[in-house]
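Trainee: work_7.pdb (PDB, C-alpha atoms, pLDDT in the B column) pasted underneath:
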ATOM      1  CA  MET A   1     -16.406  15.398 -10.980  1.00 95.00           C
ATOM      2  CA  ASN A   2     -12.931  13.867 -11.478  1.00 97.00           C
ATOM      3  CA  LEU A   3     -11.716  10.741  -9.696  1.00 98.00           C
ATOM      4  CA  GLU A   4      -9.793  12.634  -7.018  1.00 97.00           C
ATOM      5  CA  GLU A   5     -12.867  14.674  -6.121  1.00 97.00           C
ATOM      6  CA  LYS A   6     -15.061  11.551  -6.039  1.00 98.00           C
ATOM      7  CA  ILE A   7     -12.642   9.806  -3.674  1.00 98.00           C
ATOM      8  CA  LYS A   8     -12.251  12.815  -1.388  1.00 98.00           C
ATOM      9  CA  THR A   9     -16.022  13.221  -1.032  1.00 98.00           C
ATOM     10  CA  GLN A  10     -16.288   9.603   0.191  1.00 97.00           C
ATOM     11  CA  ILE A  11     -13.341   9.481   2.626  1.00 98.00           C
ATOM     12  CA  ARG A  12     -14.506  10.080   6.173  1.00 97.00           C
ATOM     13  CA  ASP A  13     -12.394  12.037   8.674  1.00 97.00           C
ATOM     14  CA  VAL A  14     -12.449  10.478  12.151  1.00 98.00           C
ATOM     15  CA  PRO A  15     -10.961  12.856  14.728  1.00 97.00           C
ATOM     16  CA  ASN A  16      -8.829  11.581  17.617  1.00 96.00           C
ATOM     17  CA  PHE A  17      -8.356   8.070  16.210  1.00 94.00           C
ATOM     18  CA  PRO A  18      -6.301   6.029  16.998  1.00 87.00           C
ATOM     19  CA  LYS A  19      -5.090   8.648  19.462  1.00 87.00           C
ATOM     20  CA  SER A  20      -5.849  12.222  20.456  1.00 93.00           C
ATOM     21  CA  GLY A  21      -4.848  14.817  17.864  1.00 91.00           C
ATOM     22  CA  VAL A  22      -4.876  12.422  14.883  1.00 89.00           C
ATOM     23  CA  ILE A  23      -7.445  12.809  12.109  1.00 93.00           C
ATOM     24  CA  TYR A  24      -7.893   9.320  10.661  1.00 94.00           C
ATOM     25  CA  LYS A  25      -8.721   9.062   6.945  1.00 96.00           C
ATOM     26  CA  ASP A  26     -11.330   6.276   6.814  1.00 97.00           C
ATOM     27  CA  ILE A  27     -11.534   4.691   3.349  1.00 97.00           C
ATOM     28  CA  THR A  28     -14.282   2.197   4.217  1.00 96.00           C
ATOM     29  CA  PRO A  29     -17.096   4.384   2.756  1.00 97.00           C
ATOM     30  CA  LEU A  30     -15.407   3.949  -0.653  1.00 97.00           C
ATOM     31  CA  LEU A  31     -16.066   0.222  -0.449  1.00 96.00           C
ATOM     32  CA  LYS A  32     -19.851   0.757  -0.486  1.00 97.00           C
ATOM     33  CA  ASP A  33     -19.624   2.369  -3.931  1.00 97.00           C
ATOM     34  CA  VAL A  34     -18.892  -0.495  -6.319  1.00 97.00           C
ATOM     35  CA  SER A  35     -18.545   1.684  -9.427  1.00 97.00           C
ATOM     36  CA  LEU A  36     -16.133   4.031  -7.646  1.00 98.00           C
ATOM     37  CA  SER A  37     -14.101   1.053  -6.371  1.00 98.00           C
ATOM     38  CA  LEU A  38     -13.838  -0.245  -9.944  1.00 98.00           C
ATOM     39  CA  GLU A  39     -12.843   3.212 -11.159  1.00 98.00           C
ATOM     40  CA  ILE A  40     -10.084   3.305  -8.523  1.00 98.00           C
ATOM     41  CA  THR A  41      -8.835  -0.137  -9.595  1.00 98.00           C
ATOM     42  CA  ASP A  42      -8.837   0.931 -13.254  1.00 98.00           C
ATOM     43  CA  ALA A  43      -6.877   4.097 -12.440  1.00 98.00           C
ATOM     44  CA  PHE A  44      -4.191   2.086 -10.653  1.00 98.00           C
ATOM     45  CA  VAL A  45      -4.014  -0.437 -13.505  1.00 98.00           C
ATOM     46  CA  ARG A  46      -3.703   2.322 -16.147  1.00 98.00           C
ATOM     47  CA  TYR A  47      -0.836   3.922 -14.217  1.00 98.00           C
ATOM     48  CA  TRP A  48       1.146   0.776 -13.338  1.00 98.00           C
ATOM     49  CA  SER A  49       0.684  -0.927 -16.723  1.00 98.00           C
ATOM     50  CA  LYS A  50       3.414   1.408 -18.045  1.00 97.00           C
ATOM     51  CA  TYR A  51       5.977  -0.280 -15.767  1.00 98.00           C
ATOM     52  CA  LYS A  52       7.503  -3.739 -15.590  1.00 98.00           C
ATOM     53  CA  VAL A  53       5.697  -5.332 -12.654  1.00 98.00           C
ATOM     54  CA  ASP A  54       5.864  -9.076 -11.996  1.00 98.00           C
ATOM     55  CA  ALA A  55       3.963  -9.227  -8.680  1.00 98.00           C
ATOM     56  CA  ILE A  56       2.103  -6.996  -6.246  1.00 98.00           C
ATOM     57  CA  VAL A  57       2.467  -7.063  -2.476  1.00 98.00           C
ATOM     58  CA  GLY A  58      -0.295  -5.625  -0.334  1.00 98.00           C
ATOM     59  CA  ILE A  59       0.346  -4.451   3.199  1.00 98.00           C
ATOM     60  CA  GLU A  60      -2.067  -5.657   5.889  1.00 96.00           C
ATOM     61  CA  SER A  61      -4.860  -5.065   5.889  1.00 95.00           C
ATOM     62  CA  ARG A  62      -6.233  -2.260   3.765  1.00 96.00           C
ATOM     63  CA  GLY A  63      -3.460  -2.749   1.194  1.00 97.00           C
ATOM     64  CA  PHE A  64      -5.152  -6.046   0.376  1.00 98.00           C
ATOM     65  CA  ILE A  65      -8.307  -4.319  -0.891  1.00 97.00           C
ATOM     66  CA  TRP A  66      -7.025  -2.714  -4.092  1.00 98.00           C
ATOM     67  CA  GLY A  67      -3.689  -4.523  -4.139  1.00 98.00           C
ATOM     68  CA  ASN A  68      -5.362  -7.831  -4.948  1.00 98.00           C
ATOM     69  CA  ALA A  69      -7.826  -6.207  -7.365  1.00 98.00           C
ATOM     70  CA  ILE A  70      -4.939  -4.554  -9.252  1.00 98.00           C
ATOM     71  CA  ALA A  71      -3.045  -7.857  -9.341  1.00 98.00           C
ATOM     72  CA  GLN A  72      -6.079  -9.687 -10.738  1.00 98.00           C
ATOM     73  CA  ARG A  73      -6.691  -7.067 -13.426  1.00 98.00           C
ATOM     74  CA  MET A  74      -2.996  -7.116 -14.408  1.00 98.00           C
ATOM     75  CA  LYS A  75      -2.947 -10.941 -14.215  1.00 98.00           C
ATOM     76  CA  LEU A  76      -0.134 -10.871 -11.648  1.00 98.00           C
ATOM     77  CA  PRO A  77       0.489 -12.762  -8.411  1.00 98.00           C
ATOM     78  CA  PHE A  78      -0.598 -11.061  -5.204  1.00 98.00           C
ATOM     79  CA  VAL A  79       1.516 -11.581  -2.083  1.00 98.00           C
ATOM     80  CA  PRO A  80       0.315 -10.419   1.350  1.00 98.00           C
ATOM     81  CA  ILE A  81       2.596  -8.757   3.866  1.00 98.00           C
ATOM     82  CA  ARG A  82       1.135  -9.287   7.319  1.00 98.00           C
ATOM     83  CA  LYS A  83       1.782  -8.457  10.943  1.00 97.00           C
ATOM     84  CA  LYS A  84       4.139 -10.812  12.743  1.00 97.00           C
ATOM     85  CA  GLY A  85       2.622 -14.165  13.601  1.00 97.00           C
ATOM     86  CA  LYS A  86      -0.225 -14.031  11.053  1.00 98.00           C
ATOM     87  CA  LEU A  87       1.377 -16.030   8.215  1.00 98.00           C
ATOM     88  CA  PRO A  88       1.348 -19.835   8.614  1.00 97.00           C
ATOM     89  CA  PHE A  89       4.554 -20.791   6.767  1.00 98.00           C
ATOM     90  CA  LYS A  90       8.256 -19.858   6.934  1.00 98.00           C
ATOM     91  CA  THR A  91       8.700 -16.098   6.794  1.00 98.00           C
ATOM     92  CA  TYR A  92      11.140 -13.232   6.582  1.00 98.00           C
ATOM     93  CA  SER A  93      10.370 -10.504   9.110  1.00 98.00           C
ATOM     94  CA  HIS A  94      11.317  -6.871   9.532  1.00 98.00           C
ATOM     95  CA  LYS A  95      10.905  -4.738  12.648  1.00 96.00           C
ATOM     96  CA  TYR A  96      10.499  -0.959  12.296  1.00 93.00           C
ATOM     97  CA  ASP A  97       9.381   2.152  14.154  1.00 86.00           C
ATOM     98  CA  LEU A  98       5.990   3.795  13.735  1.00 78.00           C
ATOM     99  CA  GLU A  99       4.698   7.259  14.613  1.00 69.00           C
ATOM    100  CA  TYR A 100       3.600   5.872  17.982  1.00 69.00           C
ATOM    101  CA  GLY A 101       5.513   2.663  18.729  1.00 78.00           C
ATOM    102  CA  SER A 102       7.069  -0.139  16.739  1.00 89.00           C
ATOM    103  CA  ALA A 103       5.797  -2.992  14.592  1.00 94.00           C
ATOM    104  CA  GLU A 104       6.996  -6.077  12.789  1.00 97.00           C
ATOM    105  CA  ILE A 105       5.763  -7.396   9.455  1.00 98.00           C
ATOM    106  CA  GLU A 106       6.388 -10.620   7.567  1.00 98.00           C
ATOM    107  CA  ILE A 107       6.269 -12.156   4.105  1.00 98.00           C
ATOM    108  CA  HIS A 108       6.337 -15.838   3.176  1.00 98.00           C
ATOM    109  CA  ARG A 109       9.818 -16.921   2.121  1.00 98.00           C
ATOM    110  CA  ASP A 110       8.386 -18.546  -0.999  1.00 98.00           C
ATOM    111  CA  GLY A 111       6.084 -15.616  -1.840  1.00 98.00           C
ATOM    112  CA  LEU A 112       8.393 -13.957  -4.357  1.00 98.00           C
ATOM    113  CA  ASP A 113      10.881 -15.295  -6.876  1.00 98.00           C
ATOM    114  CA  GLN A 114      14.446 -14.064  -7.244  1.00 98.00           C
ATOM    115  CA  GLY A 115      14.647 -10.998  -9.503  1.00 98.00           C
ATOM    116  CA  MET A 116      10.907 -10.255  -9.655  1.00 98.00           C
ATOM    117  CA  ASN A 117       9.899  -6.603 -10.011  1.00 98.00           C
ATOM    118  CA  VAL A 118       7.441  -6.060  -7.179  1.00 98.00           C
ATOM    119  CA  LEU A 119       4.948  -3.245  -6.669  1.00 98.00           C
ATOM    120  CA  VAL A 120       4.279  -2.282  -3.028  1.00 98.00           C
ATOM    121  CA  HIS A 121       0.644  -1.270  -2.499  1.00 98.00           C
ATOM    122  CA  ASP A 122      -1.074   0.155   0.582  1.00 98.00           C
ATOM    123  CA  ASP A 123      -4.099   2.317   1.223  1.00 97.00           C
ATOM    124  CA  LEU A 124      -2.269   5.242   2.799  1.00 97.00           C
ATOM    125  CA  LEU A 125       1.218   6.706   2.939  1.00 97.00           C
ATOM    126  CA  ALA A 126       1.941   8.599   6.142  1.00 93.00           C
ATOM    127  CA  THR A 127       5.585   8.667   7.282  1.00 91.00           C
ATOM    128  CA  GLY A 128       6.646   5.822   4.961  1.00 94.00           C
ATOM    129  CA  GLY A 129       7.873   3.453   7.676  1.00 94.00           C
ATOM    130  CA  THR A 130       5.593   0.547   6.792  1.00 95.00           C
ATOM    131  CA  ALA A 131       6.211   0.864   3.041  1.00 97.00           C
ATOM    132  CA  LYS A 132       9.962   0.992   3.647  1.00 97.00           C
ATOM    133  CA  ALA A 133       9.740  -2.122   5.850  1.00 97.00           C
ATOM    134  CA  ALA A 134       7.803  -3.878   3.059  1.00 98.00           C
ATOM    135  CA  ALA A 135      10.500  -2.872   0.570  1.00 98.00           C
ATOM    136  CA  GLU A 136      13.152  -4.356   2.845  1.00 98.00           C
ATOM    137  CA  LEU A 137      11.231  -7.643   2.963  1.00 98.00           C
ATOM    138  CA  ILE A 138      11.026  -7.673  -0.834  1.00 98.00           C
ATOM    139  CA  LYS A 139      14.762  -7.100  -1.138  1.00 98.00           C
ATOM    140  CA  ARG A 140      15.439  -9.815   1.438  1.00 98.00           C
ATOM    141  CA  SER A 141      13.352 -12.149  -0.738  1.00 98.00           C
ATOM    142  CA  GLY A 142      15.747 -11.485  -3.626  1.00 98.00           C
ATOM    143  CA  ALA A 143      13.273  -9.366  -5.578  1.00 98.00           C
ATOM    144  CA  GLU A 144      13.412  -5.746  -6.769  1.00 98.00           C
ATOM    145  CA  ILE A 145      11.143  -2.778  -6.020  1.00 98.00           C
ATOM    146  CA  ALA A 146       9.081  -1.874  -9.115  1.00 98.00           C
ATOM    147  CA  GLY A 147       7.353   1.011  -7.348  1.00 98.00           C
ATOM    148  CA  PHE A 148       5.155   2.239  -4.507  1.00 98.00           C
ATOM    149  CA  SER A 149       1.388   2.641  -4.899  1.00 98.00           C
ATOM    150  CA  PHE A 150      -1.074   4.310  -2.511  1.00 98.00           C
ATOM    151  CA  LEU A 151      -4.682   5.399  -2.577  1.00 98.00           C
ATOM    152  CA  VAL A 152      -3.999   8.338  -0.207  1.00 98.00           C
ATOM    153  CA  GLU A 153      -0.831  10.266   0.574  1.00 98.00           C
ATOM    154  CA  LEU A 154      -0.534  12.557   3.596  1.00 96.00           C
ATOM    155  CA  SER A 155       2.121  14.772   1.979  1.00 96.00           C
ATOM    156  CA  PHE A 156       2.683  16.901   5.086  1.00 95.00           C
ATOM    157  CA  LEU A 157       4.286  13.829   6.736  1.00 93.00           C
ATOM    158  CA  GLN A 158       6.823  13.577   3.861  1.00 95.00           C
ATOM    159  CA  GLY A 159       6.641   9.789   3.539  1.00 94.00           C
ATOM    160  CA  GLU A 160       7.628   9.929  -0.129  1.00 95.00           C
ATOM    161  CA  SER A 161      11.042  11.349   0.788  1.00 93.00           C
ATOM    162  CA  PHE A 162      11.572   8.299   3.031  1.00 88.00           C
ATOM    163  CA  LEU A 163      11.104   6.018  -0.006  1.00 95.00           C
ATOM    164  CA  LYS A 164      13.236   7.925  -2.540  1.00 93.00           C
ATOM    165  CA  SER A 165      16.340   5.901  -1.704  1.00 93.00           C
ATOM    166  CA  TYR A 166      14.816   2.956  -3.619  1.00 94.00           C
ATOM    167  CA  GLY A 167      14.835   4.950  -6.866  1.00 93.00           C
ATOM    168  CA  SER A 168      11.466   3.468  -7.797  1.00 95.00           C
ATOM    169  CA  PRO A 169       8.329   5.123  -9.199  1.00 97.00           C
ATOM    170  CA  PHE A 170       5.851   6.451  -6.666  1.00 96.00           C
ATOM    171  CA  HIS A 171       2.135   7.031  -7.238  1.00 98.00           C
ATOM    172  CA  SER A 172      -0.862   8.007  -5.117  1.00 98.00           C
ATOM    173  CA  LEU A 173      -4.356   8.767  -6.392  1.00 98.00           C
ATOM    174  CA  ILE A 174      -5.052  11.562  -3.913  1.00 98.00           C
ATOM    175  CA  THR A 175      -2.977  13.797  -1.671  1.00 97.00           C
ATOM    176  CA  TYR A 176      -3.796  15.733   1.461  1.00 96.00           C
TER     177      TYR A 176
END
Transcribe the structure of this file into structure tokens.
Mentor:
Amino acid sequence: MNLEEKIKTQIRDVPNFPKSGVIYKDITPLLKDVSLSLEITDAFVRYWSKYKVDAIVGIESRGFIWGNAIAQRMKLPFVPIRKKGKLPFKTYSHKYDLEYGSAEIEIHRDGLDQGMNVLVHDDLLATGGTAKAAAELIKRSGAEIAGFSFLVELSFLQGESFLKSYGSPFHSLITY
């Protein structure tokens, strides 16, 4: 069985979460399988090692899971992007619209250095709004977008097209 098949057999569909009509892709069963989690980390590292990446940002909260593991394996800094009010120091913030509402995320002002090439990592790409907001925070920090990395892409929501304006590489391990 290849990696994509292994991942898809472990992801749990949860109907009507967080609202009626949505089928939520629950990645938490993957976390029980240590060897599969390591295989996922290794796959991300193999892919992104071909690019110039100076730091990895992970988007709260599931982007922290493999984002930090990738950063450690690549010996790079990991910088969290969190929901508004969750970071304790001076921040940049960005407000954006979601499929069902709006949100605001933040990054520490001293989290990234000017000119760094930064990889944006999250567990899932849906419409692309959160990843685009993260990219805007990176740019506001004076850094550049090295690429976008996701465990799962819901291609029918066309989130990748929302991120094309950055001209950066895009990679997901599995697509629905």
Trainee: Selected by the PyMOL selection byres ((chain A and resi 113) around 12) in the shown coordinates: which residues, as number ranges by chain?
Mentor: A: 54-55, 77, 79, 108-112, 114-118, 138-144
Trainee: Do you know which residues the PyMOL selection byres ((chain A and resi 106) around 10) returns on this file, as a ChimeraX atom specification?
Mentor: /A:59-60,80-87,90-95,104-105,107-109,133-134,137
Trainee: Could you please give me, as an MDAnalysis selection string, the residues of protein, DNA or RNA lying at most 12 Å from (-17.5, 10.2, -3.8) in the coordinate frame of the file, considering all atoms listed in the file?
Mentor: chainID A and resid 1:12 27:37 39:40
Trainee: Written as JSON, numbers by chain, which residues does the PyMOL selection byres ((chain A and resi 155) around 10) give for the file shown?
Mentor: {"A": [125, 126, 127, 152, 153, 154, 156, 157, 158, 159, 160, 161, 174, 175, 176]}
Trainee: Go ahead and write the residues just picked, C-alpha atoms, as a PDB file, keeping the file's coordinate frame.
Mentor:
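Output saved as result-v1.pdb:
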ATOM      1  CA  LEU A 125       1.218   6.706   2.939  1.00 97.00           C
ATOM      2  CA  ALA A 126       1.941   8.599   6.142  1.00 93.00           C
ATOM      3  CA  THR A 127       5.585   8.667   7.282  1.00 91.00           C
ATOM      4  CA  VAL A 152      -3.999   8.338  -0.207  1.00 98.00           C
ATOM      5  CA  GLU A 153      -0.831  10.266   0.574  1.00 98.00           C
ATOM      6  CA  LEU A 154      -0.534  12.557   3.596  1.00 96.00           C
ATOM      7  CA  PHE A 156       2.683  16.901   5.086  1.00 95.00           C
ATOM      8  CA  LEU A 157       4.286  13.829   6.736  1.00 93.00           C
ATOM      9  CA  GLN A 158       6.823  13.577   3.861  1.00 95.00           C
ATOM     10  CA  GLY A 159       6.641   9.789   3.539  1.00 94.00           C
ATOM     11  CA  GLU A 160       7.628   9.929  -0.129  1.00 95.00           C
ATOM     12  CA  SER A 161      11.042  11.349   0.788  1.00 93.00           C
ATOM     13  CA  ILE A 174      -5.052  11.562  -3.913  1.00 98.00           C
ATOM     14  CA  THR A 175      -2.977  13.797  -1.671  1.00 97.00           C
ATOM     15  CA  TYR A 176      -3.796  15.733   1.461  1.00 96.00           C
TER      16      TYR A 176
END
Trainee: Counting only C-alpha atoms, note down every residue that has an atom within 9 Å of the point (-3.8, 4.0, -5.9) (file coordinates), as a list in words.
Mentor: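 Applying the cut-off with only C-alpha atoms, one gets Ile40, Thr41, Ala43, Phe44, Val45, Tyr47, Trp66, Gly67, His121, Asp122, Asp123, Leu124, Ser149, Phe150, Leu151, Val152, His171, Ser172, Leu173 and Ile174 of chain A.
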Trainee: Considering all atoms listed in the file, state which residue in the set A:Leu76, A:Ser102, A:Tyr96, A:Pro15 is at the smallest distance from Lys52 (chain A).
Mentor: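 Looking only at the distances to Lys52 (chain A), the closest residue turns out to be A:Leu76.
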Trainee: CA of Asp97 (chain A) to CA of Phe78 (chain A): how many Å, to one decimal?
Mentor: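 Interatomic distance, CA of Asp97 (chain A) to CA of Phe78 (chain A): 25.5 Å.
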Trainee: Between CA of Ala69 (chain A) and CA of Ser49 (chain A), what distance in Å does the model show, to one decimal?
Mentor: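 Separation of CA of Ala69 (chain A) and CA of Ser49 (chain A): 13.7 Å.
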Trainee: Ranking A:Val120, A:Ile70, A:Leu163, A:Ile65 by minimum distance to Phe148 (chain A) and counting only C-alpha atoms, which one comes first?
Mentor: A:Val120
Trainee: Just to confirm, what's the straight-line distance from CA of Lys75 (chain A) to CA of Gly58 (chain A) in Å (one decimal)?
Mentor: 15.1 Å
